[in-house]
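Chemist: See target29.txt below, with compact mmCIF, C-alpha atoms.
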```txt
# COMPACT_ATOMS: atom_id res chain seq x y z
CA MET A 725 48.28 56.96 141.60
CA THR A 726 48.59 55.43 145.08
CA THR A 727 45.88 53.37 146.70
CA ASP A 728 46.55 51.58 149.99
CA ARG A 729 50.01 49.97 149.62
CA THR A 730 49.91 49.57 145.85
CA THR A 731 51.20 51.98 143.22
CA THR A 732 50.87 51.51 139.47
CA THR A 733 52.22 53.58 136.63
CA ARG A 734 49.69 52.75 133.91
CA SER A 735 46.22 53.33 135.31
CA GLY A 736 46.41 50.15 137.34
CA GLN A 737 46.33 48.02 134.19
CA GLY A 738 50.02 47.27 133.66
CA ALA A 739 51.62 43.86 133.94
CA ALA A 740 52.96 44.68 137.40
CA HIS A 741 49.45 45.26 138.76
CA ARG A 742 48.21 41.89 137.53
CA LEU A 743 51.30 40.13 138.81
CA ALA A 744 51.00 41.83 142.19
CA ALA A 745 47.47 40.50 142.55
CA LEU A 746 48.64 36.95 141.85
CA VAL A 747 51.58 37.20 144.26
CA GLY A 748 49.32 38.60 146.95
CA THR A 749 46.95 35.67 146.51
CA ALA A 750 49.84 33.22 146.74
CA LEU A 751 51.20 34.83 149.90
CA GLY A 752 47.81 35.37 151.45
CA GLY A 753 48.56 39.02 152.08
CA PRO A 754 49.71 42.28 150.49
CA LEU A 755 52.71 42.36 148.18
CA PRO A 756 55.76 42.80 150.47
CA VAL A 757 58.08 44.25 147.79
CA ARG A 758 57.77 46.66 144.92
CA LEU A 759 57.33 44.98 141.55
CA ARG A 760 58.53 46.36 138.23
CA ALA A 761 57.49 44.56 135.05
CA TRP A 762 58.97 44.42 131.56
CA ASP A 763 56.43 46.99 130.32
CA GLY A 764 57.65 49.59 132.81
CA SER A 765 54.62 49.31 135.10
CA GLU A 766 55.14 49.13 138.85
CA ALA A 767 53.09 47.99 141.82
CA GLY A 768 53.67 47.46 145.50
CA PRO A 769 55.05 49.50 148.41
CA ALA A 770 56.48 52.84 147.38
CA GLU A 771 59.55 52.25 149.54
CA GLY A 772 61.70 49.18 149.99
CA PRO A 773 63.20 46.47 147.78
CA VAL A 774 62.28 46.32 144.10
CA VAL A 775 61.88 43.02 142.23
CA VAL A 776 62.25 43.42 138.47
CA VAL A 777 60.53 40.96 136.12
CA ARG A 778 62.56 41.52 132.98
CA SER A 779 60.95 38.90 130.80
CA ARG A 780 57.69 37.03 130.37
CA ARG A 781 59.85 33.93 130.38
CA ALA A 782 60.20 34.31 134.15
CA LEU A 783 56.44 33.75 134.44
CA ARG A 784 56.66 30.63 132.33
CA ARG A 785 59.35 29.24 134.64
CA LEU A 786 57.15 29.90 137.65
CA LEU A 787 54.20 28.18 136.01
CA TRP A 788 56.29 25.06 135.56
CA GLU A 789 58.32 25.37 138.78
CA PRO A 790 56.32 27.39 141.33
CA GLY A 791 58.28 28.29 144.41
CA GLU A 792 61.98 28.53 145.23
CA LEU A 793 63.38 26.62 142.25
CA GLY A 794 61.45 28.59 139.63
CA LEU A 795 62.41 31.88 141.26
CA ALA A 796 66.06 30.82 141.39
CA GLN A 797 66.06 29.74 137.76
CA ALA A 798 64.59 33.06 136.70
CA TYR A 799 67.11 34.99 138.80
CA VAL A 800 70.27 33.22 137.62
CA THR A 801 69.24 33.61 133.96
CA GLY A 802 68.57 37.33 134.48
CA GLU A 803 64.86 37.05 133.73
CA LEU A 804 64.19 38.14 137.30
CA ASP A 805 66.34 40.64 139.14
CA ALA A 806 66.56 42.88 142.18
CA ASP A 807 67.03 46.61 141.91
CA GLY A 808 69.06 47.46 145.00
CA ASP A 809 70.00 45.28 147.94
CA LEU A 810 69.28 41.63 147.09
CA GLY A 811 69.73 40.63 150.72
CA GLU A 812 67.11 43.09 151.90
CA GLY A 813 64.70 41.85 149.26
CA LEU A 814 65.16 38.25 150.40
CA ARG A 815 64.79 39.32 154.04
CA VAL A 816 61.44 40.97 153.31
CA LEU A 817 60.19 37.97 151.33
CA TRP A 818 61.19 35.53 154.08
CA ALA A 819 59.45 37.69 156.67
CA ALA A 820 56.27 37.63 154.59
CA ALA A 821 56.56 33.87 154.21
CA ARG A 822 56.94 33.41 157.97
CA GLU A 823 53.97 35.66 158.62
CA GLN A 824 51.82 33.53 156.35
CA ARG A 825 53.32 30.32 157.79
CA SER A 826 54.41 29.29 154.32
CA ASP A 827 57.56 29.69 152.27
CA THR A 828 56.11 28.38 148.98
CA PRO A 829 53.05 29.48 147.04
CA ARG A 830 49.92 27.47 147.82
CA LEU A 831 47.25 28.31 145.31
CA ALA A 832 43.72 26.99 145.15
CA LEU A 833 42.54 25.49 141.86
CA ALA A 834 40.74 28.70 140.91
CA ASP A 835 43.86 30.73 141.67
CA LYS A 836 45.97 28.43 139.49
CA ALA A 837 43.48 28.85 136.66
CA ARG A 838 43.62 32.63 137.11
CA ALA A 839 47.44 32.52 137.03
CA LEU A 840 47.39 30.47 133.85
CA GLY A 841 44.92 32.88 132.25
CA THR A 842 47.15 35.82 133.13
CA ALA A 843 50.16 34.03 131.65
CA VAL A 844 48.22 33.36 128.43
CA ARG A 845 47.24 37.04 128.16
CA PHE A 846 50.87 38.03 128.67
CA GLY A 847 52.04 35.57 126.03
CA ALA A 848 54.04 33.70 128.69
CA ALA A 849 52.38 30.30 128.41
CA GLY A 850 54.21 27.58 126.55
CA PRO A 851 56.48 24.56 126.93
CA ARG A 852 58.72 24.13 129.97
CA PRO A 853 61.80 26.35 129.59
CA ALA A 854 65.13 24.57 129.50
CA ALA A 855 66.93 24.48 132.83
CA PRO A 856 69.79 26.99 133.15
CA VAL A 857 73.13 25.59 132.05
CA SER A 858 74.50 26.13 135.57
CA GLN A 859 71.94 23.75 137.09
CA ALA A 860 73.26 20.32 138.09
CA ARG A 861 72.28 17.30 136.02
CA LEU A 862 73.05 14.12 137.95
CA ARG A 863 72.30 10.54 137.04
CA GLY A 864 72.40 7.25 138.87
CA GLY A 865 71.24 6.08 142.26
CA LEU A 866 71.16 8.58 145.10
CA HIS A 867 74.54 8.61 146.87
CA SER A 868 76.03 5.94 144.67
CA LYS A 869 79.78 6.50 144.41
CA ALA A 870 79.53 7.67 140.80
CA ARG A 871 76.72 10.11 141.55
CA ASP A 872 78.47 11.47 144.64
CA ARG A 873 81.61 12.03 142.59
CA ALA A 874 79.57 13.98 140.02
CA ALA A 875 77.83 16.00 142.74
CA ILE A 876 81.13 16.98 144.35
CA SER A 877 82.67 17.80 140.97
CA HIS A 878 79.74 20.07 140.07
CA HIS A 879 80.59 22.41 142.93
CA TYR A 880 84.22 21.96 143.89
CA ASP A 881 85.73 21.44 140.45
CA LEU A 882 84.23 24.69 139.19
CA SER A 883 87.64 26.33 138.89
CA ASN A 884 90.60 26.60 141.24
CA ALA A 885 91.17 30.08 139.83
CA PHE A 886 87.64 31.06 140.87
CA TYR A 887 88.11 29.82 144.42
CA ARG A 888 91.49 31.53 144.68
CA LEU A 889 89.74 34.75 143.74
CA LEU A 890 86.82 34.29 146.14
CA LEU A 891 88.60 32.92 149.21
CA ASP A 892 91.51 34.30 151.21
CA GLU A 893 95.07 32.99 151.08
CA THR A 894 94.26 30.04 153.35
CA MET A 895 91.85 28.67 150.70
CA ALA A 896 89.59 27.55 153.54
CA TYR A 897 86.06 27.11 152.23
CA SER A 898 84.28 26.70 155.56
CA CYS A 899 83.19 28.78 158.53
CA GLY A 900 85.91 30.94 160.08
CA TYR A 901 86.37 31.67 163.78
CA TRP A 902 86.11 35.40 164.39
CA THR A 903 87.98 35.92 167.65
CA SER A 904 88.40 39.68 167.28
CA ASP A 905 86.38 42.70 166.17
CA LYS A 906 89.49 44.82 165.59
CA PRO A 907 89.69 46.42 162.12
CA GLY A 908 92.94 44.62 161.30
CA PHE A 909 91.47 41.16 161.91
CA THR A 910 90.96 39.70 158.44
CA PRO A 911 88.99 36.75 157.02
CA ALA A 912 92.31 34.91 156.72
CA ASP A 913 92.94 35.52 160.43
CA ALA A 914 89.50 34.06 161.19
CA GLN A 915 90.32 30.97 159.15
CA ARG A 916 93.70 30.49 160.83
CA ALA A 917 92.03 30.86 164.23
CA LYS A 918 89.57 28.13 163.20
CA LEU A 919 92.37 25.83 162.04
CA GLU A 920 94.26 26.41 165.27
CA LEU A 921 91.16 25.64 167.32
CA ILE A 922 90.57 22.39 165.44
CA CYS A 923 94.17 21.26 165.93
CA ARG A 924 93.96 22.00 169.64
CA LYS A 925 90.67 20.20 170.05
CA LEU A 926 92.15 17.19 168.27
CA GLY A 927 95.19 17.27 170.55
CA LEU A 928 97.70 17.17 167.69
CA VAL A 929 101.38 16.75 168.53
CA PRO A 930 104.43 16.20 166.31
CA GLY A 931 104.14 12.87 164.54
CA ALA A 932 100.40 12.45 165.22
CA ARG A 933 98.50 10.74 162.40
CA LEU A 934 95.57 12.88 161.17
CA LEU A 935 92.99 11.75 158.63
CA ASP A 936 91.37 14.78 156.98
CA ILE A 937 88.20 13.55 155.21
CA GLY A 938 86.91 16.09 152.69
CA CYS A 939 90.12 18.12 152.86
CA GLY A 940 89.01 20.81 150.42
CA TRP A 941 91.95 22.88 149.21
CA GLY A 942 94.05 21.61 152.09
CA SER A 943 93.81 24.44 154.59
CA LEU A 944 93.66 22.14 157.65
CA THR A 945 95.95 19.52 156.13
CA LEU A 946 98.70 22.04 155.40
CA TYR A 947 98.26 23.88 158.71
CA ALA A 948 98.44 20.68 160.76
CA ALA A 949 101.47 19.42 158.85
CA GLN A 950 103.40 22.69 159.05
CA ARG A 951 102.53 24.05 162.48
CA TYR A 952 101.96 20.82 164.38
CA GLU A 953 104.25 18.55 162.35
CA ALA A 954 101.42 16.04 162.04
CA ARG A 955 101.42 13.27 159.44
CA VAL A 956 98.29 13.87 157.42
CA THR A 957 96.30 11.78 154.99
CA ALA A 958 94.11 14.18 153.02
CA VAL A 959 91.07 12.74 151.24
CA THR A 960 88.88 14.47 148.64
CA LEU A 961 86.62 13.40 145.78
CA ALA A 962 87.33 16.60 143.81
CA ARG A 963 90.16 16.24 141.30
CA GLU A 964 90.82 19.98 141.15
CA GLN A 965 91.20 20.10 144.92
CA ALA A 966 93.53 17.10 144.99
CA ALA A 967 95.72 18.68 142.31
CA TYR A 968 95.87 21.97 144.23
CA VAL A 969 96.79 20.32 147.56
CA ARG A 970 99.50 18.19 145.93
CA GLU A 971 100.97 21.33 144.38
CA GLN A 972 101.00 23.07 147.77
CA VAL A 973 102.58 20.04 149.42
CA ARG A 974 105.42 20.13 146.88
CA GLU A 975 105.91 23.89 147.19
CA ARG A 976 106.08 23.71 151.00
CA GLY A 977 108.30 20.67 151.11
CA LEU A 978 105.77 18.55 153.01
CA GLU A 979 106.03 15.37 150.95
CA ASN A 980 107.17 13.38 153.99
CA ARG A 981 104.20 14.51 156.09
CA VAL A 982 101.24 14.68 153.70
CA GLU A 983 99.60 12.12 151.46
CA VAL A 984 96.78 13.30 149.20
CA VAL A 985 94.23 10.71 148.11
CA CYS A 986 91.43 11.37 145.61
CA GLN A 987 88.80 8.82 146.60
CA ASP A 988 85.42 8.22 148.21
CA TYR A 989 85.41 8.10 152.00
CA ARG A 990 83.84 4.65 151.74
CA ASP A 991 87.04 3.39 150.14
CA ILE A 992 89.36 4.48 152.95
CA VAL A 993 91.16 1.44 154.33
CA GLY A 994 93.28 0.97 157.41
CA GLY A 995 92.76 2.81 160.65
CA GLY A 996 94.52 3.57 163.89
CA TYR A 997 94.59 7.32 163.27
CA ASP A 998 95.27 9.54 166.27
CA ALA A 999 92.71 12.03 165.00
CA VAL A 1000 90.08 12.33 162.28
CA SER A 1001 88.64 15.59 160.98
CA THR A 1002 85.77 16.18 158.60
CA VAL A 1003 85.03 19.85 158.03
CA GLU A 1004 81.70 20.58 156.31
CA MET A 1005 81.81 17.33 154.37
CA GLY A 1006 79.15 15.38 156.29
CA GLU A 1007 76.43 17.42 154.57
CA HIS A 1008 77.25 15.54 151.37
CA VAL A 1009 77.00 12.06 152.89
CA GLY A 1010 73.25 11.66 152.69
CA ASP A 1011 70.47 10.87 155.14
CA ALA A 1012 70.35 7.08 154.98
CA GLU A 1013 74.14 6.84 154.63
CA TYR A 1014 75.08 8.87 157.72
CA PRO A 1015 75.01 6.01 160.29
CA ALA A 1016 77.55 4.11 158.17
CA PHE A 1017 79.63 7.28 157.86
CA ALA A 1018 79.65 7.69 161.64
CA ALA A 1019 80.64 4.04 162.01
CA SER A 1020 83.56 4.69 159.64
CA LEU A 1021 84.76 7.56 161.80
CA HIS A 1022 84.75 5.23 164.82
CA ARG A 1023 86.58 2.50 162.89
CA LEU A 1024 89.27 4.81 161.55
CA VAL A 1025 90.35 6.40 164.83
CA ARG A 1026 92.33 4.54 167.51
CA PRO A 1027 91.10 4.13 171.09
CA ARG A 1028 91.52 7.48 172.91
CA GLY A 1029 91.72 9.13 169.50
CA ARG A 1030 89.56 12.15 168.72
CA VAL A 1031 87.14 12.95 165.91
CA LEU A 1032 86.10 16.50 165.01
CA VAL A 1033 83.07 17.04 162.81
CA GLN A 1034 82.32 20.60 161.69
CA GLN A 1035 78.95 20.47 160.02
CA MET A 1036 75.99 22.58 159.01
CA SER A 1037 72.55 21.83 160.41
CA ARG A 1038 68.95 22.54 159.60
CA GLY A 1039 65.61 22.08 161.34
CA ALA A 1040 63.71 18.80 161.26
CA LYS A 1041 60.99 20.31 159.04
CA ALA A 1042 63.45 21.51 156.40
CA PRO A 1043 66.28 19.01 155.86
CA GLY A 1044 68.41 19.09 152.78
CA GLY A 1045 69.79 22.29 151.41
CA GLY A 1046 66.62 23.64 149.81
CA ALA A 1047 65.55 23.58 146.18
CA PHE A 1048 68.03 26.22 145.01
CA ILE A 1049 71.05 24.83 146.86
CA GLU A 1050 70.38 21.27 145.76
CA ALA A 1051 69.84 22.26 142.13
CA PHE A 1052 72.69 24.72 141.66
CA ILE A 1053 75.25 24.40 144.46
CA ALA A 1054 75.38 21.11 146.35
CA PRO A 1055 73.24 18.44 144.69
CA ASP A 1056 71.91 15.75 147.06
CA MET A 1057 73.00 17.73 150.13
CA HIS A 1058 71.31 16.73 153.37
CA MET A 1059 71.45 18.66 156.63
CA ARG A 1060 69.77 17.50 159.81
CA PRO A 1061 69.20 18.93 163.28
CA LEU A 1062 72.33 19.00 165.42
CA GLY A 1063 70.89 16.53 167.93
CA GLU A 1064 70.42 13.88 165.25
CA THR A 1065 74.06 14.11 164.21
CA VAL A 1066 75.18 13.81 167.83
CA GLY A 1067 72.93 10.77 168.18
CA PHE A 1068 74.47 9.06 165.13
CA LEU A 1069 78.00 9.63 166.45
CA GLU A 1070 77.08 8.21 169.83
CA GLU A 1071 75.34 5.19 168.31
CA ALA A 1072 78.55 4.49 166.39
CA GLY A 1073 80.45 4.20 169.68
CA LEU A 1074 81.98 7.67 169.87
CA GLU A 1075 81.60 9.76 173.01
CA VAL A 1076 80.66 13.36 172.28
CA ARG A 1077 82.69 15.67 174.53
CA SER A 1078 82.11 19.15 173.14
CA VAL A 1079 79.63 20.93 170.87
CA GLU A 1080 80.30 24.54 169.86
CA SER A 1081 78.01 26.61 167.68
CA LEU A 1082 79.62 28.87 165.10
CA ARG A 1083 76.40 30.15 163.55
CA GLU A 1084 77.11 33.88 163.92
CA HIS A 1085 80.67 33.28 162.71
CA TYR A 1086 79.28 31.99 159.42
CA VAL A 1087 77.31 35.20 158.86
CA ARG A 1088 80.61 37.10 158.92
CA THR A 1089 82.47 34.48 156.88
CA VAL A 1090 79.89 34.37 154.08
CA GLY A 1091 79.62 38.15 154.21
CA ALA A 1092 83.35 38.42 153.53
CA TRP A 1093 83.09 36.09 150.54
CA HIS A 1094 80.15 38.08 149.20
CA ARG A 1095 82.05 41.37 149.47
CA THR A 1096 84.89 39.85 147.48
CA LEU A 1097 82.46 38.57 144.87
CA GLU A 1098 80.96 42.02 144.35
CA GLU A 1099 84.32 43.81 144.39
CA ARG A 1100 85.74 41.39 141.82
CA TRP A 1101 82.50 40.93 139.86
CA ASP A 1102 83.99 41.55 136.42
CA ASP A 1103 86.81 39.09 137.12
CA VAL A 1104 84.33 36.48 138.36
CA VAL A 1105 82.21 36.85 135.22
CA ALA A 1106 85.30 36.51 133.05
CA LEU A 1107 86.22 33.28 134.85
CA VAL A 1108 82.89 31.48 135.16
CA GLY A 1109 80.34 33.46 133.14
CA ALA A 1110 77.51 35.78 134.14
CA GLU A 1111 75.02 33.01 134.95
CA THR A 1112 77.31 31.19 137.38
CA ALA A 1113 78.29 34.53 138.92
CA ARG A 1114 74.60 35.21 139.59
CA VAL A 1115 74.25 31.71 141.08
CA TRP A 1116 76.99 32.55 143.56
CA ARG A 1117 75.54 35.96 144.37
CA LEU A 1118 72.21 34.38 145.25
CA TYR A 1119 73.95 31.56 147.14
CA LEU A 1120 76.07 33.84 149.31
CA VAL A 1121 73.39 36.44 150.01
CA GLY A 1122 70.80 33.78 150.81
CA GLY A 1123 73.26 31.74 152.87
CA ALA A 1124 74.27 34.64 155.10
CA LEU A 1125 70.59 35.42 155.71
CA ALA A 1126 69.80 31.77 156.55
CA PHE A 1127 72.51 31.69 159.22
CA GLU A 1128 71.53 35.11 160.54
CA GLU A 1129 67.87 34.09 160.93
CA ARG A 1130 68.74 30.66 162.40
CA ARG A 1131 67.24 28.70 159.54
CA MET A 1132 70.68 27.08 159.31
CA GLY A 1133 73.39 26.47 161.85
CA VAL A 1134 76.96 25.19 161.93
CA ASP A 1135 78.71 23.42 164.79
CA GLN A 1136 81.99 21.84 165.80
CA ILE A 1137 81.34 18.46 167.40
CA LEU A 1138 84.31 16.89 169.17
CA SER A 1139 84.09 13.24 170.10
CA VAL A 1140 86.48 10.57 171.28
CA ARG A 1141 86.70 6.79 170.96
CA PRO A 1142 87.10 5.59 174.57
CA THR A 1143 88.93 2.41 175.48
CA PRO A 1144 86.81 -0.60 176.53
CA ASP A 1145 87.26 0.42 180.17
CA GLY A 1146 86.12 3.98 179.46
CA ASP A 1147 89.45 5.83 179.26
CA SER A 1148 88.95 8.84 176.98
CA GLY A 1149 92.37 10.42 177.30
CA MET A 1150 90.69 13.83 177.36
CA PRO A 1151 92.05 16.75 179.43
CA PRO A 1152 90.07 17.67 182.55
CA THR A 1153 89.09 21.07 181.11
CA PRO A 1154 89.05 22.63 177.62
CA GLN A 1155 90.82 25.84 178.59
CA ASP A 1156 93.96 25.07 176.58
CA TRP A 1157 91.89 25.01 173.42
CA TYR A 1158 91.17 28.72 173.64
CA LEU A 1159 94.08 30.46 175.39
CA GLY A 1160 95.88 32.39 172.66
CA ALA A 1161 94.03 30.55 169.90
CA ASP A 1162 93.40 33.88 168.15
CA ARG A 1163 97.16 34.31 167.67
CA PRO A 1164 98.24 31.16 165.80
```
Could the structure of this file be written out as structure tokens, please?
Modeler:
Amino acid sequence: MTTDRTTTTRSGQGAAHRLAALVGTALGGPLPVRLRAWDGSEAGPAEGPVVVVRSRRALRRLLWEPGELGLAQAYVTGELDADGDLGEGLRVLWAAAREQRSDTPRLALADKARALGTAVRFGAAGPRPAAPVSQARLRGGLHSKARDRAAISHHYDLSNAFYRLLLDETMAYSCGYWTSDKPGFTPADAQRAKLELICRKLGLVPGARLLDIGCGWGSLTLYAAQRYEARVTAVTLAREQAAYVREQVRERGLENRVEVVCQDYRDIVGGGYDAVSTVEMGEHVGDAEYPAFAASLHRLVRPRGRVLVQQMSRGAKAPGGGAFIEAFIAPDMHMRPLGETVGFLEEAGLEVRSVESLREHYVRTVGAWHRTLEERWDDVVALVGAETARVWRLYLVGGALAFEERRMGVDQILSVRPTPDGDSGMPPTPQDWYLGADRP
């Protein structure tokens, strides 16, 4: 039977019909996706994405954690699923949320009572379900050194084997630079083009001292040391990353050019570096801590030295990474509007000389990682388990959509520490940064 936009399979009395009514109340409009419940009943638009509620336990999670976190918990445990294109389902749900000017359920007291009554009838009421095992569990003061180390370890120490599978041979876990649409241009080519662009913006020459804060698996460190013969100090909090970079340094015979240090950026001593890079690490610094971080960048670079920050951004009304990201991927992450980051760098005494948005580039980069994840799904599950694999599927699909819809951005911000009399040492134009940069 079909009435208006709602279809049910059991005389309109199945679980899906009751759930659809609750979701519609929460959204303030008609159900934007088709809903299939554990009893086989269906409701919602006849065409389009299908959300599958496989277990009453998903409802219990949503009673205790209404909104993004409860939905994410139910998805990663398999209690909630998507039949078909997960990205399209998220796109439709986000569109409905924008239309209603809300991205989280806002129920009146009577609606909450009705939801609870429905849960009781379904046998879904009960104690709070345990958090999924893949969810972060951090202790200690926000952005204390111990807590930051645990937060970084949660994500980056997952497994070097997993990241080798997911990423390309550069092991660059950051936005690539897609300088060509030709079929033969690969994700690895996009990463090498990004690394080349960073080295050019930093003005690296043989013997230049580069400090790479948050070096990841060493893509920039190794590229700068090999191609530009720079002397690089690579800093990371992740033990797995440090071990991987040290191994690569030995294999490539770069011991005289690269030093790998596993420590907090707040413990970096010395200074006088010709260049400092921090690629998608500033998101982990924290809101209150960022001015001190910017001051450290200024302290560590010599006069006329350059600092490149590649960093994700988010609107003023939605800082942080969101409930799902902060619970499962990057605990304590904080992203701010681009202008605020520029302001912090300038207040620290750096002069911002160039800002380049890479937002569309991240859509393609994340899309490439997601394709690899799906193509190697069985291998991923064997490495990290089905629950963590589902965390990453949701992360990559949702991330690509966030960049596509401009809910998130990513930028390269190049700044310089001028001399007291204002000498920046910068070239008159940036044209040398780009000429041939797609052919490193």
Chemist: Per residue of region 921-1030 of chain A within 12 Å of region 1060-1077 of chain A, record the nearest atom pair and its distance in Å to one decimal, counting all atoms listed in the file, with rows in chain order and ascending residue number, as a tab-separated table.
Modeler:
```
residue	atom	partner	partner_atom	distance
A:Lys925	CA	A:Arg1077	CA	10.2
A:Leu926	CA	A:Arg1077	CA	11.4
A:Gly1006	CA	A:Thr1065	CA	9.5
A:Glu1007	CA	A:Arg1060	CA	8.5
A:His1008	CA	A:Arg1060	CA	11.4
A:Val1009	CA	A:Arg1060	CA	11.4
A:Gly1010	CA	A:Arg1060	CA	9.8
A:Asp1011	CA	A:Arg1060	CA	8.1
A:Ala1012	CA	A:Phe1068	CA	11.1
A:Glu1013	CA	A:Phe1068	CA	10.7
A:Tyr1014	CA	A:Phe1068	CA	7.4
A:Pro1015	CA	A:Phe1068	CA	5.7
A:Ala1016	CA	A:Ala1072	CA	8.3
A:Phe1017	CA	A:Ala1072	CA	9.0
A:Ala1018	CA	A:Leu1069	CA	5.4
A:Ala1019	CA	A:Ala1072	CA	4.9
A:Ser1020	CA	A:Ala1072	CA	8.4
A:Leu1021	CA	A:Ala1072	CA	8.3
A:His1022	CA	A:Leu1074	CA	6.3
A:Arg1023	CA	A:Ala1072	CA	9.0
A:Leu1024	CA	A:Leu1074	CA	11.4
A:Val1025	CA	A:Leu1074	CA	9.9
A:Arg1026	CA	A:Leu1074	CA	11.1
A:Pro1027	CA	A:Leu1074	CA	9.9
A:Arg1028	CA	A:Leu1074	CA	10.0
A:Gly1029	CA	A:Leu1074	CA	9.9
A:Arg1030	CA	A:Leu1074	CA	8.9
```
Chemist: Between CA of Ala958 (chain A) and CA of Ala917 (chain A), what is the distance, to one decimal in Å?
Modeler: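 Between CA of Ala958 (chain A) and CA of Ala917 (chain A) the gap works out to 20.2 Å.
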Chemist: Could you make a table, as CSV, of the residues of region 853-936 of chain A that have an atom within 9 Å of an atom of region 794-807 of chain A, each with its nearest atom pair and distance in Å to one decimal, counting only C-alpha atoms, in chain and number order?
Modeler:
```
residue,atom,partner,partner_atom,distance
A:Ala855,CA,A:Gln797,CA,7.3
A:Pro856,CA,A:Gln797,CA,6.5
A:Ser858,CA,A:Val800,CA,8.5
A:Gln859,CA,A:Gln797,CA,8.4
```
Chemist: Residues as selected, C-alpha atoms, written as a PDB file, in the coordinates of the input, can you do that?
Modeler:
```pdb
ATOM      1  CA  ALA A 855      66.930  24.480 132.830  1.00  0.00           C
ATOM      2  CA  PRO A 856      69.790  26.990 133.150  1.00  0.00           C
ATOM      3  CA  SER A 858      74.500  26.130 135.570  1.00  0.00           C
ATOM      4  CA  GLN A 859      71.940  23.750 137.090  1.00  0.00           C
TER       5      GLN A 859
END
```
Chemist: Excluding Tyr1119 (chain A) and residues on its chain fewer than 4 positions from it, collect all residues at most 9 Å away from it, counting all atoms listed in the file, and give them as a PyMOL selection string.
Modeler: chain A and resi 1048-1049+1052-1053+1114-1115+1123-1124
Chemist: So how far away is CA of Arg955 (chain A) from CA of Arg981 (chain A), in Å?
Modeler: 4.5 Å
Chemist: Which residue, A:Val816, A:Leu783, A:Ala885, A:Ala848, has the smallest gap to Trp941 (chain A) when you use only C-alpha atoms?
Modeler: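 Looking at the shortest contact to Trp941 (chain A), the residue is A:Ala885.
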Chemist: Taking the partial coordinates given, rebuild region 976-980 of chain A to contain all heavy atoms; return it as a PDB file, keeping the file's coordinate frame.
Modeler:
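Below is the file selection.pdb, written as the result:
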```
ATOM      1  N   ARG A 976     105.730  23.500 149.586  1.00  0.00           N
ATOM      2  CA  ARG A 976     106.080  23.710 151.000  1.00  0.00           C
ATOM      3  C   ARG A 976     107.000  22.618 151.543  1.00  0.00           C
ATOM      4  O   ARG A 976     107.352  22.648 152.724  1.00  0.00           O
ATOM      5  CB  ARG A 976     104.801  23.791 151.835  1.00  0.00           C
ATOM      6  CG  ARG A 976     103.845  24.871 151.363  1.00  0.00           C
ATOM      7  CD  ARG A 976     102.612  24.970 152.233  1.00  0.00           C
ATOM      8  NE  ARG A 976     101.581  25.805 151.630  1.00  0.00           N
ATOM      9  CZ  ARG A 976     100.592  26.392 152.306  1.00  0.00           C
ATOM     10  NH1 ARG A 976     100.506  26.224 153.623  1.00  0.00           N
ATOM     11  NH2 ARG A 976      99.700  27.127 151.681  1.00  0.00           N
ATOM     12  N   GLY A 977     107.384  21.704 150.693  1.00  0.00           N
ATOM     13  CA  GLY A 977     108.300  20.670 151.110  1.00  0.00           C
ATOM     14  C   GLY A 977     107.725  19.730 152.165  1.00  0.00           C
ATOM     15  O   GLY A 977     108.433  19.290 153.081  1.00  0.00           O
ATOM     16  N   LEU A 978     106.448  19.380 152.013  1.00  0.00           N
ATOM     17  CA  LEU A 978     105.770  18.550 153.010  1.00  0.00           C
ATOM     18  C   LEU A 978     105.522  17.122 152.530  1.00  0.00           C
ATOM     19  O   LEU A 978     104.679  16.415 153.074  1.00  0.00           O
ATOM     20  CB  LEU A 978     104.430  19.207 153.386  1.00  0.00           C
ATOM     21  CG  LEU A 978     104.501  20.582 154.063  1.00  0.00           C
ATOM     22  CD1 LEU A 978     103.110  21.184 154.196  1.00  0.00           C
ATOM     23  CD2 LEU A 978     105.176  20.478 155.420  1.00  0.00           C
ATOM     24  N   GLU A 979     106.270  16.693 151.518  1.00  0.00           N
ATOM     25  CA  GLU A 979     106.030  15.370 150.950  1.00  0.00           C
ATOM     26  C   GLU A 979     106.145  14.252 151.985  1.00  0.00           C
ATOM     27  O   GLU A 979     105.462  13.227 151.874  1.00  0.00           O
ATOM     28  CB  GLU A 979     107.007  15.093 149.802  1.00  0.00           C
ATOM     29  CG  GLU A 979     106.783  15.966 148.565  1.00  0.00           C
ATOM     30  CD  GLU A 979     107.622  17.237 148.597  1.00  0.00           C
ATOM     31  OE1 GLU A 979     108.078  17.631 149.699  1.00  0.00           O
ATOM     32  OE2 GLU A 979     107.832  17.810 147.522  1.00  0.00           O
ATOM     33  N   ASN A 980     106.981  14.426 152.982  1.00  0.00           N
ATOM     34  CA  ASN A 980     107.170  13.380 153.990  1.00  0.00           C
ATOM     35  C   ASN A 980     106.087  13.394 155.065  1.00  0.00           C
ATOM     36  O   ASN A 980     106.052  12.484 155.903  1.00  0.00           O
ATOM     37  CB  ASN A 980     108.542  13.516 154.653  1.00  0.00           C
ATOM     38  CG  ASN A 980     109.685  13.237 153.686  1.00  0.00           C
ATOM     39  OD1 ASN A 980     109.523  12.471 152.738  1.00  0.00           O
ATOM     40  ND2 ASN A 980     110.829  13.873 153.912  1.00  0.00           N
TER      41      ASN A 980
END
```
